[in-house]
Each structure stands twice: as C-alpha cells, then as structure tokens.
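Dumped run.cif below, it's mmCIF, C-alpha atoms:
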data_my_file
#
loop_
_atom_site.group_PDB
_atom_site.id
_atom_site.type_symbol
_atom_site.label_atom_id
_atom_site.label_comp_id
_atom_site.auth_asym_id
_atom_site.auth_seq_id
_atom_site.Cartn_x
_atom_site.Cartn_y
_atom_site.Cartn_z
ATOM 1 C CA MET L 1 97.171 -53.495 -30.979
ATOM 2 C CA ILE L 2 94.474 -51.195 -29.605
ATOM 3 C CA GLU L 3 93.327 -51.887 -26.081
ATOM 4 C CA ASN L 4 89.647 -52.046 -25.285
ATOM 5 C CA ARG L 5 89.306 -49.656 -22.372
ATOM 6 C CA PRO L 6 86.085 -48.016 -21.289
ATOM 7 C CA TYR L 7 85.738 -44.288 -21.967
ATOM 8 C CA ARG L 8 86.135 -42.187 -18.832
ATOM 9 C CA TYR L 9 84.149 -38.990 -18.501
ATOM 10 C CA PRO L 10 86.085 -35.903 -17.381
ATOM 11 C CA TYR L 11 83.627 -35.539 -14.498
ATOM 12 C CA PRO L 12 81.562 -38.004 -12.466
ATOM 13 C CA VAL L 13 78.434 -38.989 -14.393
ATOM 14 C CA ASN L 14 76.257 -39.121 -11.304
ATOM 15 C CA ASP L 15 77.295 -35.667 -10.093
ATOM 16 C CA ALA L 16 74.365 -33.493 -11.203
ATOM 17 C CA ASP L 17 76.017 -30.320 -9.884
ATOM 18 C CA ALA L 18 79.124 -30.900 -11.998
ATOM 19 C CA ILE L 19 76.997 -31.448 -15.089
ATOM 20 C CA ALA L 20 74.980 -28.285 -14.394
ATOM 21 C CA ASP L 21 78.205 -26.318 -13.823
ATOM 22 C CA ARG L 22 79.646 -27.564 -17.107
ATOM 23 C CA ARG L 23 76.411 -26.683 -18.933
ATOM 24 C CA SER L 24 76.492 -23.179 -17.433
ATOM 25 C CA GLN L 25 80.128 -22.781 -18.427
ATOM 26 C CA LEU L 26 79.369 -23.811 -22.018
ATOM 27 C CA GLU L 27 76.416 -21.404 -22.187
ATOM 28 C CA ARG L 28 78.614 -18.540 -20.907
ATOM 29 C CA GLU L 29 81.295 -19.356 -23.476
ATOM 30 C CA GLN L 30 78.688 -19.406 -26.236
ATOM 31 C CA GLN L 31 77.291 -16.034 -25.126
ATOM 32 C CA GLU L 32 80.802 -14.562 -25.052
ATOM 33 C CA HIS L 33 81.438 -15.898 -28.561
ATOM 34 C CA ILE L 34 78.184 -14.374 -29.830
ATOM 35 C CA ALA L 35 78.991 -11.026 -28.179
ATOM 36 C CA GLU L 36 82.486 -10.995 -29.711
ATOM 37 C CA ARG L 37 81.089 -11.799 -33.163
ATOM 38 C CA GLN L 38 78.543 -8.977 -32.851
ATOM 39 C CA LYS L 39 81.367 -6.625 -31.871
ATOM 40 C CA GLN L 40 83.370 -7.659 -34.950
ATOM 41 C CA ILE L 41 80.337 -7.173 -37.192
ATOM 42 C CA ALA L 42 79.865 -3.677 -35.773
ATOM 43 C CA LEU L 43 83.539 -2.866 -36.377
ATOM 44 C CA GLN L 44 83.326 -3.940 -40.017
ATOM 45 C CA THR L 45 80.824 -1.134 -40.635
ATOM 46 C CA SER L 46 82.305 1.444 -38.276
ATOM 47 C CA PRO L 47 83.178 4.800 -39.834
ATOM 48 C CA PHE L 48 86.212 4.801 -37.511
ATOM 49 C CA SER L 49 87.656 1.736 -39.290
ATOM 50 C CA SER L 50 89.514 2.196 -42.562
ATOM 51 C CA ALA L 51 88.288 0.479 -45.724
ATOM 52 C CA GLU L 52 91.209 -1.964 -45.495
ATOM 53 C CA GLU L 53 90.354 -2.778 -41.843
ATOM 54 C CA ARG L 54 86.692 -3.309 -42.688
ATOM 55 C CA ILE L 55 87.539 -5.706 -45.502
ATOM 56 C CA ARG L 56 90.045 -7.599 -43.332
ATOM 57 C CA LEU L 57 87.378 -7.969 -40.622
ATOM 58 C CA TRP L 58 84.893 -9.207 -43.221
ATOM 59 C CA GLU L 59 87.429 -11.756 -44.470
ATOM 60 C CA LYS L 60 88.110 -12.948 -40.926
ATOM 61 C CA LEU L 61 84.417 -13.225 -40.002
ATOM 62 C CA HIS L 62 83.548 -15.169 -43.138
ATOM 63 C CA ALA L 63 86.824 -17.087 -43.493
ATOM 64 C CA LEU L 64 87.040 -15.941 -47.118
ATOM 65 C CA ALA L 65 89.626 -13.955 -49.020
ATOM 66 C CA LEU L 66 88.947 -10.943 -51.192
ATOM 67 C CA PRO L 67 88.410 -12.282 -54.721
ATOM 68 C CA ARG L 68 91.005 -11.420 -57.366
ATOM 69 C CA SER L 69 88.535 -10.874 -60.194
ATOM 70 C CA PRO L 70 87.142 -7.312 -60.395
ATOM 71 C CA SER L 71 83.862 -8.719 -61.735
ATOM 72 C CA HIS L 72 83.365 -11.266 -58.936
ATOM 73 C CA LYS L 73 79.836 -11.169 -57.483
ATOM 74 C CA LEU L 74 81.158 -11.369 -53.928
ATOM 75 C CA LEU L 75 82.643 -7.865 -54.204
ATOM 76 C CA ARG L 76 79.169 -6.320 -54.092
ATOM 77 C CA VAL L 77 78.313 -8.396 -51.012
ATOM 78 C CA ILE L 78 81.531 -7.249 -49.318
ATOM 79 C CA ALA L 79 80.763 -3.621 -50.194
ATOM 80 C CA GLU L 80 77.244 -3.920 -48.790
ATOM 81 C CA GLN L 81 78.228 -5.695 -45.580
ATOM 82 C CA THR L 82 81.115 -3.315 -44.865
ATOM 83 C CA GLU L 83 79.084 -0.248 -45.885
ATOM 84 C CA LEU L 84 81.740 0.724 -48.426
ATOM 85 C CA ALA L 85 81.236 1.884 -51.988
ATOM 86 C CA ILE L 86 82.072 -0.749 -54.581
ATOM 87 C CA GLU L 87 84.776 1.618 -55.853
ATOM 88 C CA GLN L 88 86.477 1.486 -52.445
ATOM 89 C CA VAL L 89 86.433 -2.319 -52.462
ATOM 90 C CA LEU L 90 87.835 -2.356 -56.006
ATOM 91 C CA GLU L 91 90.559 0.103 -54.962
ATOM 92 C CA ILE L 92 91.630 -2.185 -52.090
ATOM 93 C CA GLN L 93 91.530 -5.138 -54.466
ATOM 94 C CA ARG L 94 93.746 -3.351 -57.026
ATOM 95 C CA ALA L 95 96.215 -2.343 -54.316
ATOM 96 C CA ARG L 96 96.470 -5.883 -52.961
ATOM 97 C CA PHE L 97 96.794 -7.673 -56.254
ATOM 98 C CA ALA L 98 98.749 -5.147 -58.308
ATOM 99 C CA PRO L 99 102.034 -6.449 -59.630
ATOM 100 C CA PRO L 100 105.031 -5.095 -57.726
ATOM 101 C CA ALA L 101 106.519 -1.965 -59.210
ATOM 102 C CA LEU L 102 109.828 -2.383 -61.009
ATOM 103 C CA PRO L 103 112.709 -0.473 -59.462
ATOM 104 C CA VAL L 104 113.717 2.632 -61.384
ATOM 105 C CA ALA L 105 117.307 2.471 -62.601
ATOM 106 C CA ALA L 106 119.535 5.290 -61.373
ATOM 107 C CA LEU L 107 120.663 7.572 -64.171
#
Since I need it in another form, could you write the structure as structure tokens?
Amino acid sequence: MIENRPYRYPYPVNDADAIADRRSQLEREQQEHIAERQKQIALQTSPFSSAEERIRLWEKLHALALPRSPSHKLLRVIAEQTELAIEQVLEIQRARFAPPALPVAAL
C-alpha cells in the first residue's frame, strides 16, 4: 500500500536566497547548454571536420540517423546544414550501408 506522505522540497520553501541561488544555477546550466550546442553546430560546418564527422555531429544534434534511401529528402537538408555537397553525403551513405565485401578465396 502507498503511504500518503507530504512532498518535501529539496530546499526550505521560505528561504528566498536558496531559491534565488537555485534559479541562478539553472540559468547558468541553460547558458552552458546553449553555448555547447552552438559549438557543436559550428563544428558540423567546420572545414577542419571531415565529412563523416560533420554528419555524425548532425545526427547527434538532431537525434536522427542518416537515412538509408539515396532519394530521401533529408539528405539535402543534411548536406545544407553541414555545408557538404550532396555527393559527399551520398558517398558517406553508400560507405555506411554497403554490403560487406566477400572474402577473396586464396588461389
């Protein structure tokens, strides 16, 4: 059976300083998150990042995987947002989803 117990706040409700400190902490964390996201967005278009790295960053930022279909509309969006040519995105796609090569038998 579940007990009926009152909810206890992690800090005193009447302590205005504690509430203000917590609010400041949350605002700092949000600003850090925004700054980190902006950094990741910049890296996904950086000429110093490889095409594979740019696409992996895009996938991470958007929580989406590179589509398998070469005619998928999202490929153009990925190319635009990573500043890659569509041919580069298609090349990465082919490399990722190509069937494994069969071993060559020794003669």
**Message:** I want to know what sits within 9 Å of Arg94 of chain L, based on only C-alpha atoms, with residues of the same chain fewer than 4 positions away left out; could you give that as a list in words?
**Reply:**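 What passes the distance filter is Arg68, Pro70, Val89, Leu90 and Ala98 of chain L.
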**Prompt:** So what does the PyMOL selection byres ((chain L and resi 43) around 12) actually pick up in this one, as a list in words?
**Reply:**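 Applying the PyMOL selection byres ((chain L and resi 43) around 12) to the structure shown produces Glu36, Arg37, Gln38, Lys39, Gln40, Ile41, Ala42, Gln44, Thr45, Ser46, Pro47, Phe48, Ser49, Ser50, Ala51, Glu52, Glu53, Arg54, Ile55, Arg56, Leu57, Trp58, Lys60, Leu61, Gln81, Thr82 and Glu83 of chain L.
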**Message:** Between atom CA of Gln31 of chain L and atom CA of Ala18 of chain L, what distance in Å does the model show, to one decimal?
**Reply:**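 If I compute the distance from atom CA of Gln31 of chain L to atom CA of Ala18 of chain L, I get 19.9 Å.
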**Item:** Two-atom distance - atom CA of Leu75 of chain L, atom CA of His62 of chain L (Å)
**Value:**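 Atom CA of Leu75 of chain L sits 13.3 Å away from atom CA of His62 of chain L.
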Return the padded bounding box of segment 81-99 of chain L as lines of an AutoDock Vina configuration file: axis-aligned, built from all atoms listed in the file, 8 Å added on each side, with centre and edge lengths in Å to one decimal.
center_x = 90.1
center_y = -2.9
center_z = -52.2
size_x = 39.8
size_y = 25.6
size_z = 30.8
**Prompt:** So how many Å separate atom CA of Arg76 of chain L and atom CA of Gln93 of chain L, to one decimal?
**Reply:**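 Rounded to one decimal, the two atoms are 12.4 Å apart.
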When you look at Phe97 of chain L with a cut-off of 10 Å (counting only C-alpha atoms), what residues show up, excluding the ones that are within fewer than 6 positions of it in the same chain? I need them as a PDB file with C-alpha atoms, in the coordinates of the input.
ATOM      1  CA  LEU L  66      88.947 -10.943 -51.192  1.00  0.00           C
ATOM      2  CA  PRO L  67      88.410 -12.282 -54.721  1.00  0.00           C
ATOM      3  CA  ARG L  68      91.005 -11.420 -57.366  1.00  0.00           C
ATOM      4  CA  SER L  69      88.535 -10.874 -60.194  1.00  0.00           C
TER       5      SER L  69
END
